[in-house]
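Colleague: Please find upload.tsv (TSV, C-alpha atoms and all ligand atoms) on the next line:
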chain	number	residue	atom	x	y	z
A	4	MET	CA	-3.35	-16.09	-14.85
A	5	LYS	CA	-6.58	-17.93	-15.58
A	6	CYS	CA	-8.91	-19.58	-13.11
A	7	TYR	CA	-7.94	-23.21	-12.96
A	8	ASP	CA	-11.39	-24.43	-11.99
A	9	CYS	CA	-12.97	-22.53	-14.87
A	10	MET	CA	-10.46	-24.04	-17.23
A	11	GLU	CA	-11.65	-27.47	-16.20
A	12	GLU	CA	-15.17	-26.40	-17.16
A	13	SER	CA	-13.85	-25.13	-20.51
A	14	LYS	CA	-14.37	-21.52	-19.48
A	15	ASP	CA	-11.80	-18.77	-19.78
A	16	THR	CA	-11.91	-16.51	-16.71
A	17	ASP	CA	-9.17	-14.32	-15.32
A	18	ALA	CA	-8.07	-15.31	-11.85
A	19	THR	CA	-8.59	-12.75	-9.11
A	20	SER	CA	-6.76	-14.63	-6.40
A	21	VAL	CA	-4.57	-17.62	-5.76
A	22	CYS	CA	-5.18	-20.61	-3.54
A	23	ILE	CA	-2.79	-20.36	-0.60
A	24	ILE	CA	-2.45	-24.12	-0.41
A	25	CYS	CA	-1.92	-25.36	-3.94
A	26	GLY	CA	-1.20	-22.02	-5.61
A	27	LYS	CA	-3.60	-22.33	-8.50
A	28	GLY	CA	-5.41	-19.32	-9.91
A	29	LEU	CA	-9.04	-18.76	-8.94
A	30	CYS	CA	-11.77	-16.41	-10.10
A	31	ALA	CA	-14.07	-14.71	-7.60
A	32	GLU	CA	-16.68	-17.39	-8.11
A	33	HIS	CA	-14.34	-20.22	-7.28
A	34	THR	CA	-12.49	-18.58	-4.41
A	35	LYS	CA	-13.44	-19.71	-0.95
A	36	VAL	CA	-12.47	-17.27	1.78
A	37	LEU	CA	-11.85	-18.91	5.08
A	38	GLU	CA	-11.42	-16.68	8.10
A	39	LEU	CA	-9.18	-18.56	10.43
A	40	PRO	CA	-9.33	-17.52	14.05
A	41	VAL	CA	-5.94	-16.36	15.24
A	42	SER	CA	-4.77	-16.81	18.80
A	43	VAL	CA	-1.59	-15.50	20.38
A	44	GLY	CA	0.15	-16.40	23.63
A	45	MET	CA	0.42	-19.56	25.66
A	46	PRO	CA	-2.29	-21.04	27.87
A	47	PRO	CA	-3.74	-19.82	30.16
A	48	ASN	CA	-3.05	-16.39	28.70
A	49	VAL	CA	-4.32	-16.95	25.19
A	50	LYS	CA	-5.79	-13.99	23.39
A	51	ARG	CA	-8.04	-14.31	20.41
A	52	LEU	CA	-7.21	-11.61	17.92
A	53	PRO	CA	-10.29	-9.64	16.85
A	54	LYS	CA	-9.68	-10.19	13.18
A	55	GLY	CA	-9.29	-13.55	11.60
A	56	PHE	CA	-6.87	-14.25	8.83
A	57	PRO	CA	-8.57	-14.27	5.47
A	58	ARG	CA	-7.36	-17.25	3.49
A	59	HIS	CA	-8.15	-17.74	-0.13
A	60	MET	CA	-8.55	-21.35	-1.01
A	61	CYS	CA	-9.90	-23.46	-3.80
A	62	ASN	CA	-12.80	-25.79	-3.16
A	63	TYR	CA	-10.56	-28.80	-3.12
A	64	CYS	CA	-8.13	-27.48	-0.52
A	65	LEU	CA	-10.91	-26.10	1.65
A	66	GLU	CA	-12.53	-29.50	1.81
A	67	ASN	CA	-9.25	-31.14	2.65
A	68	THR	CA	-8.08	-28.61	5.23
A	69	ILE	CA	-11.11	-27.64	7.22
A	70	VAL	CA	-11.40	-31.07	8.78
A	71	ASP	CA	-8.24	-30.71	10.85
A	72	GLY	CA	-8.59	-26.98	11.46
A	73	PHE	CA	-12.03	-26.94	13.04
A	74	ASP	CA	-12.87	-29.77	15.28
B	1	ZN	ZN	-13.45	-19.94	-11.83
B	2	ZN	ZN	-6.04	-25.23	-3.64
Go through the file and emit its structure as structure tokens.

Modeller:
Amino acid sequence: MKCYDCMEESKDTDATSVCIICGKGLCAEHTKVLELPVSVGMPPNVKRLPKGFPRHMCNYCLENTIVDGFD
């Protein structure tokens, strides 16, 4: 698979990951890794897991997702 964002810039780069939202291929340069905090349990006994969930996203999806996720 080729990086979709590179294709739009008329470049030809192999994708190293895939956007988890829209599923398009992304090279390392165009991949945004978002570490989402993960919590388990119900209030008041909520535990924050020590490791976030690495999410690979394209620029577009990151911009459109982060607004709801982190307020
Ligand atoms: Zn790229
Ligand atoms: Zn995307």

Colleague: Considering only C-alpha atoms, can you say which of A:Val36, A:Cys9, A:Met45, A:Lys50 comes closest to Cys22 of chain A?

Modeller: A:Val36

Colleague: Using all atoms listed in the file, which protein or nucleic acid residues are at most 7 Å from ligand ZN 1 (chain B), as a PyMOL selection string?

Modeller: chain A and resi 6-9+16+29-33

Colleague: What is the distance between atom CA of Cys61 of chain A and atom CA of Ile23 of chain A, in Å to one decimal?

Modeller: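 Spanning atom CA of Cys61 of chain A to atom CA of Ile23 of chain A is a straight-line distance of 8.4 Å.
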
Colleague: One decimal, Å: what's the distance from atom CA of Glu12 of chain A over to atom CA of Ile24 of chain A, could you say?

Modeller: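 Interatomic distance, atom CA of Glu12 of chain A to atom CA of Ile24 of chain A: 21.2 Å.
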
Colleague: Smallest atom-to-atom distance to Thr68 of chain A: which of A:Val21, A:Pro53, A:Gly26, A:Leu37, using all atoms listed in the file?

Modeller: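 Closest residue, counting all atoms listed in the file: A:Leu37.
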
Colleague: Compare A:Pro46, A:Pro40, A:Pro57, A:Gly28 by their minimum atom-to-atom distance to ligand ZN 2 (chain B), counting only C-alpha atoms and all ligand atoms, and give me the closest one.

Modeller: A:Gly28

Colleague: Just checking: using all atoms listed in the file, which residue out of A:Val49, A:Ala18, A:Met4, A:Cys25 ends up closest to ligand ZN 2 (chain B)?

Modeller: A:Cys25

Colleague: So, counting all atoms listed in the file, which residue among A:Lys27, A:Lys14, A:Lys54, A:Lys35 is closest to ligand ZN 2 (chain B)?

Modeller: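 Closest to ligand ZN 2 (chain B) of all the choices is A:Lys27.
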
Colleague: Excluding same-chain residues fewer than 6 positions from Leu52 of chain A, what lies within 8 Å of it counting only C-alpha atoms, as a list in words?

Modeller: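 These residues fall inside the cut-off: Pro40, Val41, Ser42 and Val43 of chain A.
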
Colleague: Please indicate the distance in Å from atom CA of Met10 of chain A to atom CA of Thr34 of chain A, rounded to one decimal place.

Modeller: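 For atom CA of Met10 of chain A relative to atom CA of Thr34 of chain A, the distance reads 14.1 Å.
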
Colleague: Take the point (-9.6, -20.0, 8.0) as written in the file and pick out every residue within 6 Å of it, counting all atoms listed in the file; give the list as a PyMOL selection string.

Modeller: chain A and resi 37-39+58

Colleague: For ligand ZN 2 (chain B), which residue out of A:Glu11, A:Met60, A:Glu66, A:Gly44 is the nearest one, using all atoms listed in the file?

Modeller: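 Residue with the minimum atom-to-atom distance to ligand ZN 2 (chain B): A:Met60.
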
Colleague: Once 6 Å is added on each side, what are the centre and the three edge lengths, in Å to one decimal, of the axis-aligned box enclosing the listed atoms of segment 62-66 of chain A? Present them as AutoDock Vina command-line options.

Modeller:
--center_x -10.5 --center_y -27.6 --center_z -0.7 --size_x 16.7 --size_y 15.7 --size_z 17.0

Colleague: Atoms are missing here; could segment 21-49 of chain A be completed with N, CA and C atoms and written as a PDB file, keeping the file's coordinate frame?

Modeller:
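part.pdb written:
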ATOM      1  N   VAL A  21      -5.343 -16.388  -5.648  1.00  0.00           N
ATOM      2  CA  VAL A  21      -4.570 -17.620  -5.760  1.00  0.00           C
ATOM      3  C   VAL A  21      -4.827 -18.453  -4.515  1.00  0.00           C
ATOM      4  N   CYS A  22      -5.004 -19.729  -4.689  1.00  0.00           N
ATOM      5  CA  CYS A  22      -5.180 -20.610  -3.540  1.00  0.00           C
ATOM      6  C   CYS A  22      -3.885 -20.655  -2.741  1.00  0.00           C
ATOM      7  N   ILE A  23      -3.997 -20.410  -1.425  1.00  0.00           N
ATOM      8  CA  ILE A  23      -2.790 -20.360  -0.600  1.00  0.00           C
ATOM      9  C   ILE A  23      -2.199 -21.740  -0.371  1.00  0.00           C
ATOM     10  N   ILE A  24      -2.954 -22.783  -0.644  1.00  0.00           N
ATOM     11  CA  ILE A  24      -2.450 -24.120  -0.410  1.00  0.00           C
ATOM     12  C   ILE A  24      -1.760 -24.674  -1.651  1.00  0.00           C
ATOM     13  N   CYS A  25      -2.481 -24.723  -2.750  1.00  0.00           N
ATOM     14  CA  CYS A  25      -1.920 -25.360  -3.940  1.00  0.00           C
ATOM     15  C   CYS A  25      -1.420 -24.352  -4.957  1.00  0.00           C
ATOM     16  N   GLY A  26      -1.760 -23.060  -4.776  1.00  0.00           N
ATOM     17  CA  GLY A  26      -1.200 -22.020  -5.610  1.00  0.00           C
ATOM     18  C   GLY A  26      -1.841 -21.866  -6.971  1.00  0.00           C
ATOM     19  N   LYS A  27      -2.976 -22.496  -7.199  1.00  0.00           N
ATOM     20  CA  LYS A  27      -3.600 -22.330  -8.500  1.00  0.00           C
ATOM     21  C   LYS A  27      -4.467 -21.092  -8.547  1.00  0.00           C
ATOM     22  N   GLY A  28      -4.634 -20.537  -9.732  1.00  0.00           N
ATOM     23  CA  GLY A  28      -5.410 -19.320  -9.910  1.00  0.00           C
ATOM     24  C   GLY A  28      -6.891 -19.594  -9.753  1.00  0.00           C
ATOM     25  N   LEU A  29      -7.609 -18.612  -9.169  1.00  0.00           N
ATOM     26  CA  LEU A  29      -9.040 -18.760  -8.940  1.00  0.00           C
ATOM     27  C   LEU A  29      -9.765 -17.466  -9.261  1.00  0.00           C
ATOM     28  N   CYS A  30     -10.921 -17.586  -9.891  1.00  0.00           N
ATOM     29  CA  CYS A  30     -11.770 -16.410 -10.100  1.00  0.00           C
ATOM     30  C   CYS A  30     -12.588 -16.175  -8.833  1.00  0.00           C
ATOM     31  N   ALA A  31     -13.294 -15.048  -8.797  1.00  0.00           N
ATOM     32  CA  ALA A  31     -14.070 -14.710  -7.600  1.00  0.00           C
ATOM     33  C   ALA A  31     -15.084 -15.798  -7.280  1.00  0.00           C
ATOM     34  N   GLU A  32     -15.634 -16.379  -8.304  1.00  0.00           N
ATOM     35  CA  GLU A  32     -16.680 -17.390  -8.110  1.00  0.00           C
ATOM     36  C   GLU A  32     -16.121 -18.658  -7.476  1.00  0.00           C
ATOM     37  N   HIS A  33     -14.905 -18.971  -7.777  1.00  0.00           N
ATOM     38  CA  HIS A  33     -14.340 -20.220  -7.280  1.00  0.00           C
ATOM     39  C   HIS A  33     -13.466 -20.047  -6.049  1.00  0.00           C
ATOM     40  N   THR A  34     -13.298 -18.813  -5.596  1.00  0.00           N
ATOM     41  CA  THR A  34     -12.490 -18.580  -4.410  1.00  0.00           C
ATOM     42  C   THR A  34     -13.322 -18.793  -3.160  1.00  0.00           C
ATOM     43  N   LYS A  35     -12.803 -19.559  -2.250  1.00  0.00           N
ATOM     44  CA  LYS A  35     -13.440 -19.710  -0.950  1.00  0.00           C
ATOM     45  C   LYS A  35     -12.593 -18.946   0.058  1.00  0.00           C
ATOM     46  N   VAL A  36     -13.204 -18.021   0.780  1.00  0.00           N
ATOM     47  CA  VAL A  36     -12.470 -17.270   1.780  1.00  0.00           C
ATOM     48  C   VAL A  36     -12.761 -17.861   3.145  1.00  0.00           C
ATOM     49  N   LEU A  37     -11.717 -18.287   3.772  1.00  0.00           N
ATOM     50  CA  LEU A  37     -11.850 -18.910   5.080  1.00  0.00           C
ATOM     51  C   LEU A  37     -11.198 -17.990   6.101  1.00  0.00           C
ATOM     52  N   GLU A  38     -11.974 -17.534   7.068  1.00  0.00           N
ATOM     53  CA  GLU A  38     -11.420 -16.680   8.100  1.00  0.00           C
ATOM     54  C   GLU A  38     -10.972 -17.545   9.253  1.00  0.00           C
ATOM     55  N   LEU A  39      -9.690 -17.738   9.348  1.00  0.00           N
ATOM     56  CA  LEU A  39      -9.180 -18.560  10.430  1.00  0.00           C
ATOM     57  C   LEU A  39      -9.055 -17.723  11.690  1.00  0.00           C
ATOM     58  N   PRO A  40      -9.533 -18.227  12.800  1.00  0.00           N
ATOM     59  CA  PRO A  40      -9.330 -17.520  14.050  1.00  0.00           C
ATOM     60  C   PRO A  40      -7.845 -17.548  14.411  1.00  0.00           C
ATOM     61  N   VAL A  41      -7.347 -16.443  14.901  1.00  0.00           N
ATOM     62  CA  VAL A  41      -5.940 -16.360  15.240  1.00  0.00           C
ATOM     63  C   VAL A  41      -5.783 -16.115  16.730  1.00  0.00           C
ATOM     64  N   SER A  42      -5.015 -16.961  17.377  1.00  0.00           N
ATOM     65  CA  SER A  42      -4.770 -16.810  18.800  1.00  0.00           C
ATOM     66  C   SER A  42      -3.288 -16.559  19.024  1.00  0.00           C
ATOM     67  N   VAL A  43      -2.978 -15.741  20.042  1.00  0.00           N
ATOM     68  CA  VAL A  43      -1.590 -15.500  20.380  1.00  0.00           C
ATOM     69  C   VAL A  43      -1.376 -15.789  21.862  1.00  0.00           C
ATOM     70  N   GLY A  44      -0.179 -16.152  22.228  1.00  0.00           N
ATOM     71  CA  GLY A  44       0.150 -16.400  23.630  1.00  0.00           C
ATOM     72  C   GLY A  44       0.056 -17.876  23.971  1.00  0.00           C
ATOM     73  N   MET A  45       0.438 -18.185  25.184  1.00  0.00           N
ATOM     74  CA  MET A  45       0.420 -19.560  25.660  1.00  0.00           C
ATOM     75  C   MET A  45      -0.667 -19.689  26.728  1.00  0.00           C
ATOM     76  N   PRO A  46      -1.294 -20.848  26.817  1.00  0.00           N
ATOM     77  CA  PRO A  46      -2.290 -21.040  27.870  1.00  0.00           C
ATOM     78  C   PRO A  46      -1.650 -20.806  29.227  1.00  0.00           C
ATOM     79  N   PRO A  47      -2.315 -20.220  30.228  1.00  0.00           N
ATOM     80  CA  PRO A  47      -3.740 -19.820  30.160  1.00  0.00           C
ATOM     81  C   PRO A  47      -3.950 -18.401  29.665  1.00  0.00           C
ATOM     82  N   ASN A  48      -2.915 -17.788  29.121  1.00  0.00           N
ATOM     83  CA  ASN A  48      -3.050 -16.390  28.700  1.00  0.00           C
ATOM     84  C   ASN A  48      -3.202 -16.265  27.184  1.00  0.00           C
ATOM     85  N   VAL A  49      -4.114 -17.001  26.635  1.00  0.00           N
ATOM     86  CA  VAL A  49      -4.320 -16.950  25.190  1.00  0.00           C
ATOM     87  C   VAL A  49      -5.296 -15.848  24.841  1.00  0.00           C
TER      88      VAL A  49
END
